[in-house]
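Student: What follows is final_15.txt; its format and atoms are compact mmCIF, N, CA and C atoms and all ligand atoms.
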# COMPACT_ATOMS: atom_id res chain seq x y z
N MET I 10 22.61 3.34 -1.04
CA MET I 10 21.79 2.67 -2.05
C MET I 10 20.47 2.22 -1.45
N LYS I 11 19.49 1.98 -2.32
CA LYS I 11 18.18 1.52 -1.88
C LYS I 11 18.02 0.04 -2.15
N ALA I 12 17.41 -0.67 -1.20
CA ALA I 12 17.05 -2.07 -1.40
C ALA I 12 15.54 -2.13 -1.59
N HIS I 13 15.11 -3.00 -2.50
CA HIS I 13 13.68 -3.19 -2.76
C HIS I 13 13.35 -4.65 -2.52
N GLY I 14 12.16 -4.89 -1.94
CA GLY I 14 11.80 -6.28 -1.69
C GLY I 14 10.31 -6.48 -1.57
N SER I 15 9.92 -7.75 -1.40
CA SER I 15 8.51 -8.09 -1.21
C SER I 15 8.42 -9.47 -0.60
N CYS I 16 7.21 -9.79 -0.12
CA CYS I 16 6.94 -11.16 0.31
C CYS I 16 6.71 -12.00 -0.94
N LEU I 17 6.54 -13.30 -0.79
CA LEU I 17 6.37 -14.18 -1.95
C LEU I 17 5.14 -13.82 -2.78
N CYS I 18 4.02 -13.46 -2.12
CA CYS I 18 2.78 -13.19 -2.87
C CYS I 18 2.66 -11.74 -3.30
N LYS I 19 3.59 -10.89 -2.91
CA LYS I 19 3.65 -9.47 -3.28
C LYS I 19 2.54 -8.61 -2.66
N ALA I 20 1.85 -9.14 -1.64
CA ALA I 20 0.85 -8.33 -0.93
C ALA I 20 1.55 -7.26 -0.10
N VAL I 21 2.82 -7.51 0.26
CA VAL I 21 3.62 -6.54 1.01
C VAL I 21 4.87 -6.23 0.19
N GLU I 22 5.09 -4.94 -0.06
CA GLU I 22 6.30 -4.52 -0.80
C GLU I 22 6.98 -3.41 -0.01
N PHE I 23 8.29 -3.31 -0.14
CA PHE I 23 9.01 -2.32 0.66
C PHE I 23 10.30 -1.90 -0.02
N SER I 24 10.79 -0.74 0.40
CA SER I 24 12.12 -0.31 -0.01
C SER I 24 12.71 0.53 1.12
N PHE I 25 14.00 0.46 1.24
CA PHE I 25 14.69 1.22 2.30
C PHE I 25 16.15 1.42 1.93
N GLU I 26 16.76 2.38 2.62
CA GLU I 26 18.16 2.71 2.41
C GLU I 26 19.03 1.69 3.14
N VAL I 27 20.10 1.20 2.52
CA VAL I 27 21.07 0.34 3.20
C VAL I 27 22.44 1.00 3.14
N LYS I 28 23.25 0.74 4.18
CA LYS I 28 24.58 1.36 4.25
C LYS I 28 25.46 0.84 3.11
N ASP I 29 25.51 -0.47 2.99
CA ASP I 29 26.20 -1.11 1.88
C ASP I 29 25.60 -2.50 1.75
N LYS I 30 26.02 -3.23 0.71
CA LYS I 30 25.38 -4.53 0.46
C LYS I 30 25.97 -5.61 1.35
N HIS I 31 25.49 -5.71 2.58
CA HIS I 31 25.95 -6.80 3.44
C HIS I 31 24.79 -7.34 4.27
N PHE I 32 24.97 -8.56 4.78
CA PHE I 32 23.94 -9.14 5.66
C PHE I 32 24.62 -9.84 6.82
N ASP I 33 23.84 -10.06 7.87
CA ASP I 33 24.32 -10.73 9.07
C ASP I 33 23.45 -11.96 9.32
N ALA I 34 24.01 -12.93 10.04
CA ALA I 34 23.25 -14.13 10.41
C ALA I 34 23.05 -14.14 11.92
N CYS I 35 21.85 -14.55 12.36
CA CYS I 35 21.60 -14.68 13.80
C CYS I 35 21.27 -16.13 14.12
N HIS I 36 22.01 -16.66 15.10
CA HIS I 36 21.85 -18.08 15.48
C HIS I 36 20.96 -18.26 16.71
N CYS I 37 20.30 -17.20 17.19
CA CYS I 37 19.54 -17.34 18.43
C CYS I 37 18.38 -18.31 18.25
N SER I 38 17.88 -18.86 19.36
CA SER I 38 16.85 -19.89 19.28
C SER I 38 15.54 -19.34 18.73
N VAL I 39 15.27 -18.03 18.93
CA VAL I 39 14.02 -17.45 18.40
C VAL I 39 14.08 -17.37 16.88
N CYS I 40 15.21 -16.91 16.35
CA CYS I 40 15.35 -16.86 14.88
C CYS I 40 15.24 -18.26 14.28
N ARG I 41 15.89 -19.23 14.93
CA ARG I 41 15.83 -20.60 14.39
C ARG I 41 14.43 -21.16 14.45
N GLY I 42 13.69 -20.83 15.51
CA GLY I 42 12.31 -21.30 15.62
C GLY I 42 11.39 -20.60 14.63
N TRP I 43 11.69 -19.32 14.36
CA TRP I 43 10.84 -18.51 13.48
C TRP I 43 11.00 -18.93 12.02
N GLY I 44 12.23 -19.15 11.59
CA GLY I 44 12.50 -19.37 10.18
C GLY I 44 12.97 -20.78 9.82
N GLY I 45 13.12 -21.63 10.84
CA GLY I 45 13.58 -22.99 10.55
C GLY I 45 15.08 -23.10 10.47
N GLY I 46 15.78 -22.01 10.71
CA GLY I 46 17.24 -22.01 10.66
C GLY I 46 17.71 -20.62 11.06
N PRO I 47 19.03 -20.39 11.06
CA PRO I 47 19.50 -19.05 11.41
C PRO I 47 18.93 -18.01 10.45
N SER I 48 18.70 -16.79 10.93
CA SER I 48 18.15 -15.76 10.04
C SER I 48 19.28 -15.02 9.34
N PHE I 49 19.04 -14.59 8.10
CA PHE I 49 19.95 -13.73 7.36
C PHE I 49 19.26 -12.38 7.26
N THR I 50 19.88 -11.33 7.81
CA THR I 50 19.16 -10.06 7.90
C THR I 50 19.97 -8.88 7.36
N VAL I 51 19.22 -7.88 6.86
CA VAL I 51 19.80 -6.64 6.32
C VAL I 51 19.19 -5.48 7.09
N GLU I 52 20.04 -4.65 7.67
CA GLU I 52 19.57 -3.55 8.51
C GLU I 52 19.05 -2.37 7.69
N VAL I 53 17.92 -1.83 8.15
CA VAL I 53 17.36 -0.63 7.54
C VAL I 53 18.18 0.57 8.03
N ALA I 54 18.75 1.34 7.11
CA ALA I 54 19.59 2.47 7.51
C ALA I 54 19.03 3.76 6.93
N GLY I 55 17.80 4.07 7.28
CA GLY I 55 17.16 5.28 6.74
C GLY I 55 15.68 5.04 6.56
N GLU I 56 15.05 5.91 5.83
CA GLU I 56 13.60 5.87 5.63
C GLU I 56 13.15 4.51 5.06
N LEU I 57 12.07 3.99 5.66
CA LEU I 57 11.48 2.74 5.17
C LEU I 57 10.14 3.06 4.53
N GLU I 58 9.94 2.53 3.31
CA GLU I 58 8.64 2.65 2.65
C GLU I 58 8.01 1.27 2.66
N LEU I 59 6.83 1.17 3.24
CA LEU I 59 6.17 -0.14 3.38
C LEU I 59 4.79 -0.05 2.74
N LYS I 60 4.57 -0.86 1.68
CA LYS I 60 3.26 -0.88 1.03
C LYS I 60 2.55 -2.18 1.39
N GLY I 61 1.23 -2.07 1.63
CA GLY I 61 0.45 -3.26 1.99
C GLY I 61 0.61 -3.63 3.45
N GLU I 62 0.83 -2.61 4.28
CA GLU I 62 1.06 -2.85 5.72
C GLU I 62 -0.13 -3.57 6.36
N GLU I 63 -1.34 -3.41 5.78
CA GLU I 63 -2.53 -4.08 6.33
C GLU I 63 -2.42 -5.61 6.18
N ASN I 64 -1.49 -6.07 5.36
CA ASN I 64 -1.28 -7.52 5.19
C ASN I 64 -0.17 -8.06 6.07
N VAL I 65 0.36 -7.20 6.95
CA VAL I 65 1.44 -7.63 7.85
C VAL I 65 0.87 -8.01 9.21
N SER I 66 1.22 -9.17 9.71
CA SER I 66 0.90 -9.57 11.08
C SER I 66 2.15 -9.39 11.92
N LEU I 67 1.96 -8.95 13.17
CA LEU I 67 3.11 -8.76 14.06
C LEU I 67 3.09 -9.82 15.15
N TYR I 68 4.25 -10.39 15.43
CA TYR I 68 4.39 -11.32 16.54
C TYR I 68 5.39 -10.73 17.52
N GLU I 69 4.97 -10.61 18.77
CA GLU I 69 5.84 -10.05 19.81
C GLU I 69 6.76 -11.17 20.28
N SER I 70 8.02 -11.15 19.82
CA SER I 70 8.92 -12.27 20.13
C SER I 70 9.67 -12.07 21.44
N SER I 71 9.60 -10.87 22.01
CA SER I 71 10.18 -10.61 23.32
C SER I 71 9.57 -9.32 23.84
N ASP I 72 9.94 -8.92 25.05
CA ASP I 72 9.39 -7.68 25.62
C ASP I 72 9.82 -6.46 24.82
N TRP I 73 10.95 -6.60 24.10
CA TRP I 73 11.50 -5.43 23.43
C TRP I 73 11.43 -5.48 21.90
N ALA I 74 11.02 -6.61 21.33
CA ALA I 74 11.05 -6.71 19.87
C ALA I 74 9.83 -7.42 19.30
N GLU I 75 9.55 -7.12 18.03
CA GLU I 75 8.46 -7.80 17.33
C GLU I 75 8.91 -8.18 15.92
N ARG I 76 8.24 -9.21 15.38
CA ARG I 76 8.58 -9.73 14.07
C ARG I 76 7.35 -9.66 13.18
N GLY I 77 7.55 -9.23 11.93
CA GLY I 77 6.44 -9.08 11.01
C GLY I 77 6.49 -10.12 9.91
N PHE I 78 5.30 -10.63 9.54
CA PHE I 78 5.21 -11.59 8.44
C PHE I 78 3.95 -11.33 7.64
N CYS I 79 3.92 -11.82 6.40
CA CYS I 79 2.75 -11.61 5.54
C CYS I 79 1.62 -12.54 5.96
N LYS I 80 0.44 -11.95 6.18
CA LYS I 80 -0.75 -12.72 6.56
C LYS I 80 -1.18 -13.68 5.46
N LYS I 81 -0.89 -13.34 4.19
CA LYS I 81 -1.41 -14.13 3.07
C LYS I 81 -0.51 -15.29 2.69
N CYS I 82 0.81 -15.06 2.65
CA CYS I 82 1.71 -16.13 2.19
C CYS I 82 2.66 -16.61 3.28
N GLY I 83 2.71 -15.91 4.42
CA GLY I 83 3.52 -16.39 5.54
C GLY I 83 5.00 -16.04 5.48
N THR I 84 5.41 -15.28 4.44
CA THR I 84 6.84 -14.92 4.36
C THR I 84 7.26 -14.11 5.59
N ASN I 85 8.35 -14.53 6.22
CA ASN I 85 8.92 -13.77 7.33
C ASN I 85 9.60 -12.54 6.76
N LEU I 86 9.23 -11.36 7.26
CA LEU I 86 9.70 -10.12 6.65
C LEU I 86 10.73 -9.36 7.48
N PHE I 87 10.37 -9.00 8.71
CA PHE I 87 11.27 -8.12 9.46
C PHE I 87 11.26 -8.38 10.96
N TYR I 88 12.29 -7.85 11.59
CA TYR I 88 12.45 -7.84 13.05
C TYR I 88 12.68 -6.38 13.41
N ARG I 89 11.99 -5.89 14.46
CA ARG I 89 12.26 -4.50 14.87
C ARG I 89 12.09 -4.34 16.37
N LEU I 90 12.81 -3.34 16.90
CA LEU I 90 12.70 -3.02 18.32
C LEU I 90 11.44 -2.19 18.50
N LYS I 91 10.71 -2.47 19.60
CA LYS I 91 9.47 -1.73 19.85
C LYS I 91 9.75 -0.30 20.30
N ASP I 92 10.86 -0.11 21.00
CA ASP I 92 11.25 1.23 21.46
C ASP I 92 11.69 2.06 20.25
N LYS I 93 10.83 2.98 19.84
CA LYS I 93 11.07 3.73 18.60
C LYS I 93 12.30 4.64 18.70
N SER I 94 12.77 4.91 19.92
CA SER I 94 13.95 5.78 20.05
C SER I 94 15.20 5.09 19.48
N HIS I 95 15.20 3.72 19.49
CA HIS I 95 16.31 2.99 18.88
C HIS I 95 16.15 2.94 17.36
N ASN I 96 14.89 2.95 16.91
CA ASN I 96 14.58 2.94 15.48
C ASN I 96 15.33 1.83 14.75
N TYR I 97 15.41 0.63 15.36
CA TYR I 97 16.14 -0.47 14.73
C TYR I 97 15.18 -1.43 14.04
N CYS I 98 15.48 -1.74 12.80
CA CYS I 98 14.66 -2.69 12.04
C CYS I 98 15.57 -3.41 11.05
N ASN I 99 15.36 -4.71 10.86
CA ASN I 99 16.06 -5.40 9.79
C ASN I 99 15.08 -6.28 9.01
N PHE I 100 15.39 -6.49 7.74
CA PHE I 100 14.56 -7.34 6.88
C PHE I 100 15.30 -8.61 6.53
N ASN I 101 14.57 -9.67 6.30
CA ASN I 101 15.20 -10.93 5.92
C ASN I 101 15.80 -10.80 4.51
N LEU I 102 17.06 -11.21 4.41
CA LEU I 102 17.82 -11.09 3.16
C LEU I 102 17.06 -11.60 1.94
N GLY I 103 16.46 -12.78 2.06
CA GLY I 103 15.84 -13.43 0.91
C GLY I 103 14.63 -12.72 0.34
N THR I 104 14.11 -11.70 1.05
CA THR I 104 12.97 -10.95 0.53
C THR I 104 13.42 -9.84 -0.42
N LEU I 105 14.74 -9.58 -0.48
CA LEU I 105 15.24 -8.44 -1.26
C LEU I 105 15.67 -8.83 -2.67
N GLN I 106 15.37 -7.96 -3.62
CA GLN I 106 15.83 -8.17 -4.99
C GLN I 106 17.36 -8.08 -5.02
N GLY I 107 18.00 -8.98 -5.75
CA GLY I 107 19.45 -8.93 -5.89
C GLY I 107 20.21 -9.33 -4.63
N HIS I 108 19.55 -10.08 -3.75
CA HIS I 108 20.20 -10.40 -2.47
C HIS I 108 21.41 -11.31 -2.64
N GLU I 109 21.56 -11.94 -3.81
CA GLU I 109 22.71 -12.82 -4.04
C GLU I 109 24.02 -12.03 -4.06
N GLU I 110 23.90 -10.70 -4.26
CA GLU I 110 25.11 -9.86 -4.34
C GLU I 110 25.55 -9.33 -2.98
N PHE I 111 24.76 -9.58 -1.93
CA PHE I 111 25.12 -9.06 -0.61
C PHE I 111 26.22 -9.91 0.01
N GLU I 112 27.10 -9.24 0.74
CA GLU I 112 28.24 -9.91 1.38
C GLU I 112 27.88 -10.37 2.79
N PHE I 113 28.25 -11.58 3.14
CA PHE I 113 28.00 -12.16 4.47
C PHE I 113 29.07 -11.62 5.42
N ARG I 114 28.66 -10.76 6.39
CA ARG I 114 29.67 -10.07 7.17
C ARG I 114 29.80 -10.53 8.62
N THR I 115 28.68 -10.68 9.33
CA THR I 115 28.75 -10.96 10.77
C THR I 115 27.79 -12.07 11.17
N GLN I 116 28.22 -12.90 12.11
CA GLN I 116 27.32 -13.88 12.73
C GLN I 116 27.14 -13.47 14.18
N ILE I 117 25.87 -13.38 14.61
CA ILE I 117 25.60 -12.98 16.00
C ILE I 117 24.93 -14.11 16.78
N PHE I 118 24.98 -13.98 18.11
CA PHE I 118 24.50 -15.03 19.02
C PHE I 118 25.20 -16.36 18.71
N THR I 119 26.50 -16.27 18.45
CA THR I 119 27.26 -17.48 18.09
C THR I 119 27.30 -18.46 19.26
N ASP I 120 27.12 -17.96 20.49
CA ASP I 120 27.10 -18.87 21.65
C ASP I 120 25.77 -19.61 21.75
N SER I 121 24.78 -19.25 20.91
CA SER I 121 23.50 -19.98 20.89
C SER I 121 23.44 -20.99 19.75
N LYS I 122 24.46 -20.98 18.88
CA LYS I 122 24.45 -21.86 17.70
C LYS I 122 24.62 -23.32 18.11
N PRO I 123 23.70 -24.19 17.67
CA PRO I 123 23.90 -25.61 17.98
C PRO I 123 25.06 -26.18 17.16
N ASP I 124 25.54 -27.34 17.55
CA ASP I 124 26.73 -27.92 16.89
C ASP I 124 26.44 -28.64 15.58
N ASN I 125 25.15 -28.81 15.24
CA ASN I 125 24.85 -29.64 14.07
C ASN I 125 24.90 -28.91 12.73
N TYR I 126 25.33 -27.64 12.72
CA TYR I 126 25.63 -26.95 11.46
C TYR I 126 26.65 -25.86 11.76
N SER I 127 27.35 -25.40 10.70
CA SER I 127 28.18 -24.20 10.82
C SER I 127 28.50 -23.72 9.41
N PHE I 128 28.69 -22.40 9.27
CA PHE I 128 28.99 -21.81 7.96
C PHE I 128 30.49 -21.78 7.72
N ALA I 129 30.88 -22.01 6.47
CA ALA I 129 32.30 -21.98 6.12
C ALA I 129 32.80 -20.56 5.89
N ASN I 130 31.89 -19.60 5.68
CA ASN I 130 32.30 -18.21 5.41
C ASN I 130 33.16 -17.65 6.54
N GLN I 131 34.15 -16.83 6.16
CA GLN I 131 34.94 -16.10 7.15
C GLN I 131 34.17 -14.83 7.49
N THR I 132 33.66 -14.74 8.71
CA THR I 132 32.89 -13.56 9.11
C THR I 132 33.32 -13.11 10.49
N LYS I 133 32.87 -11.91 10.86
CA LYS I 133 33.02 -11.46 12.23
C LYS I 133 32.01 -12.27 13.06
N GLU I 134 32.36 -12.57 14.32
CA GLU I 134 31.44 -13.32 15.17
C GLU I 134 31.20 -12.59 16.48
N MET I 135 29.94 -12.58 16.94
CA MET I 135 29.59 -11.90 18.19
C MET I 135 28.70 -12.78 19.05
N THR I 136 29.01 -12.86 20.34
CA THR I 136 28.17 -13.60 21.28
C THR I 136 26.97 -12.73 21.68
N GLU I 137 26.03 -13.33 22.39
CA GLU I 137 24.86 -12.58 22.86
C GLU I 137 25.29 -11.37 23.68
N GLN I 138 26.25 -11.57 24.59
CA GLN I 138 26.72 -10.48 25.45
C GLN I 138 27.31 -9.34 24.62
N GLU I 139 28.09 -9.68 23.62
CA GLU I 139 28.70 -8.66 22.76
C GLU I 139 27.64 -7.88 21.98
N VAL I 140 26.58 -8.59 21.56
CA VAL I 140 25.50 -7.92 20.83
C VAL I 140 24.77 -6.95 21.76
N LEU I 141 24.45 -7.40 22.96
CA LEU I 141 23.74 -6.54 23.92
C LEU I 141 24.57 -5.31 24.24
N GLU I 142 25.87 -5.50 24.41
CA GLU I 142 26.75 -4.36 24.69
C GLU I 142 26.76 -3.37 23.52
N SER I 143 26.70 -3.89 22.31
CA SER I 143 26.73 -3.00 21.15
C SER I 143 25.43 -2.18 21.05
N PHE I 144 24.33 -2.70 21.65
CA PHE I 144 23.07 -1.96 21.69
C PHE I 144 23.04 -1.02 22.91
N GLY I 145 24.08 -1.06 23.72
CA GLY I 145 24.12 -0.21 24.90
C GLY I 145 23.28 -0.73 26.04
N ALA I 146 22.98 -2.04 26.01
CA ALA I 146 22.11 -2.62 27.05
C ALA I 146 22.90 -3.58 27.97
N GLY I 147 24.22 -3.69 27.72
CA GLY I 147 25.01 -4.62 28.49
C GLY I 147 25.13 -4.20 29.93
ZN ZN Z 1 2.64 -12.33 1.00
ZN ZN Z 2 18.05 -14.08 16.42
Kindly present the structure from the file in structure tokens form.
Ligand SMILES: [Zn+2]
Ligand SMILES: [Zn+2]

Tutor:
Amino acid sequence: MKAHGSCLCKAVEFSFEVKDKHFDACHCSVCRGWGGGPSFTVEVAGELELKGEENVSLYESSDWAERGFCKKCGTNLFYRLKDKSHNYCNFNLGTLQGHEEFEFRTQIFTDSKPDNYSFANQTKEMTEQEVLESFGAG
């Protein structure tokens, strides 16, 4: 199925293929600093169509990844690996139409989660090490 989304001001619009309707949460300190809390993300699983790319600013959040946001309204849009051979990109859940229907499946960087919040949802959980291993970088 295809997911469609946009930033708040609609200067940036996008659509991409998703495997199924699910999202993951990341508790790492960069996601929390970027969005004010854990990020909810949906992985791009196929061709991405991005309109208004000239309105996207990129922030290099690590040596291997960058984060895109709208220059006009500040909506946080995506996280992607710079190494194009991995071709990994995810979009923030809340930017997608119908995101209320997506299922909460996995929490990652659970060893970075502070103790002052936690989700009641039953999900799969992965530590930083487990995530790195799943990317083949462990
Ligand atoms: Zn915008
Ligand atoms: Zn994160």

Student: Just list as a PyMOL selection string whatever in chain I DSSP marks as strand (DSSP E).

Tutor: chain I and resi 11-15+22-26+31-35+48-52+57-60+65-69+74-79+85-90+98-101+112-117+133-135

Student: Which of chain I counts as alpha helix (DSSP H) under DSSP, as a VMD selection string please?

Tutor: chain I and resid 38 to 44 137 to 143

Student: What is the distance, in Å and to one decimal place, between atom C of Ser24 in chain I and atom C of Phe100 in chain I?

Tutor: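 Between atom C of Ser24 in chain I and atom C of Phe100 in chain I the gap works out to 10.9 Å.
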
Student: Please measure the separation of atom N of Lys28 in chain I and atom C of His95 in chain I, giving the value in Å to one decimal.

Tutor: 15.1 Å

Student: Determine, counting only N, CA and C atoms, every residue of protein, DNA or RNA that lies within 7 Å of (18.0, 4.6, 1.9) in the file coordinates, then give the result as a list in words.

Tutor: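 So the residues meeting the distance criterion are Met10, Lys11, Ala12, Ser24, Phe25, Glu26, Val27, Lys28, Ala54, Gly55 and Glu56 of chain I.
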
Student: Quick one: residues within 8 Å of ligand ZN 2 (chain Z), with only N, CA and C atoms and all ligand atoms, as a list in words?

Tutor: Ala34, Cys35, His36, Cys37, Ser38, Val39, Cys40, Arg41, Pro47, Ser48, Ile117 and Phe118 of chain I

Student: Using only C-alpha atoms and all ligand atoms, which of I:Thr84, I:Ser71, I:Ser66, I:Asn96 sits nearest ligand ZN 1 (chain Z)?

Tutor: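 For ligand ZN 1 (chain Z), the nearest of the given residues is I:Thr84.
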
Student: Report, in Å to a single decimal, how far apart CA of Val65 in chain I and atom N of Leu86 in chain I are.

Tutor: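 Interatomic distance, atom N of Leu86 in chain I to CA of Val65 in chain I: 8.7 Å.
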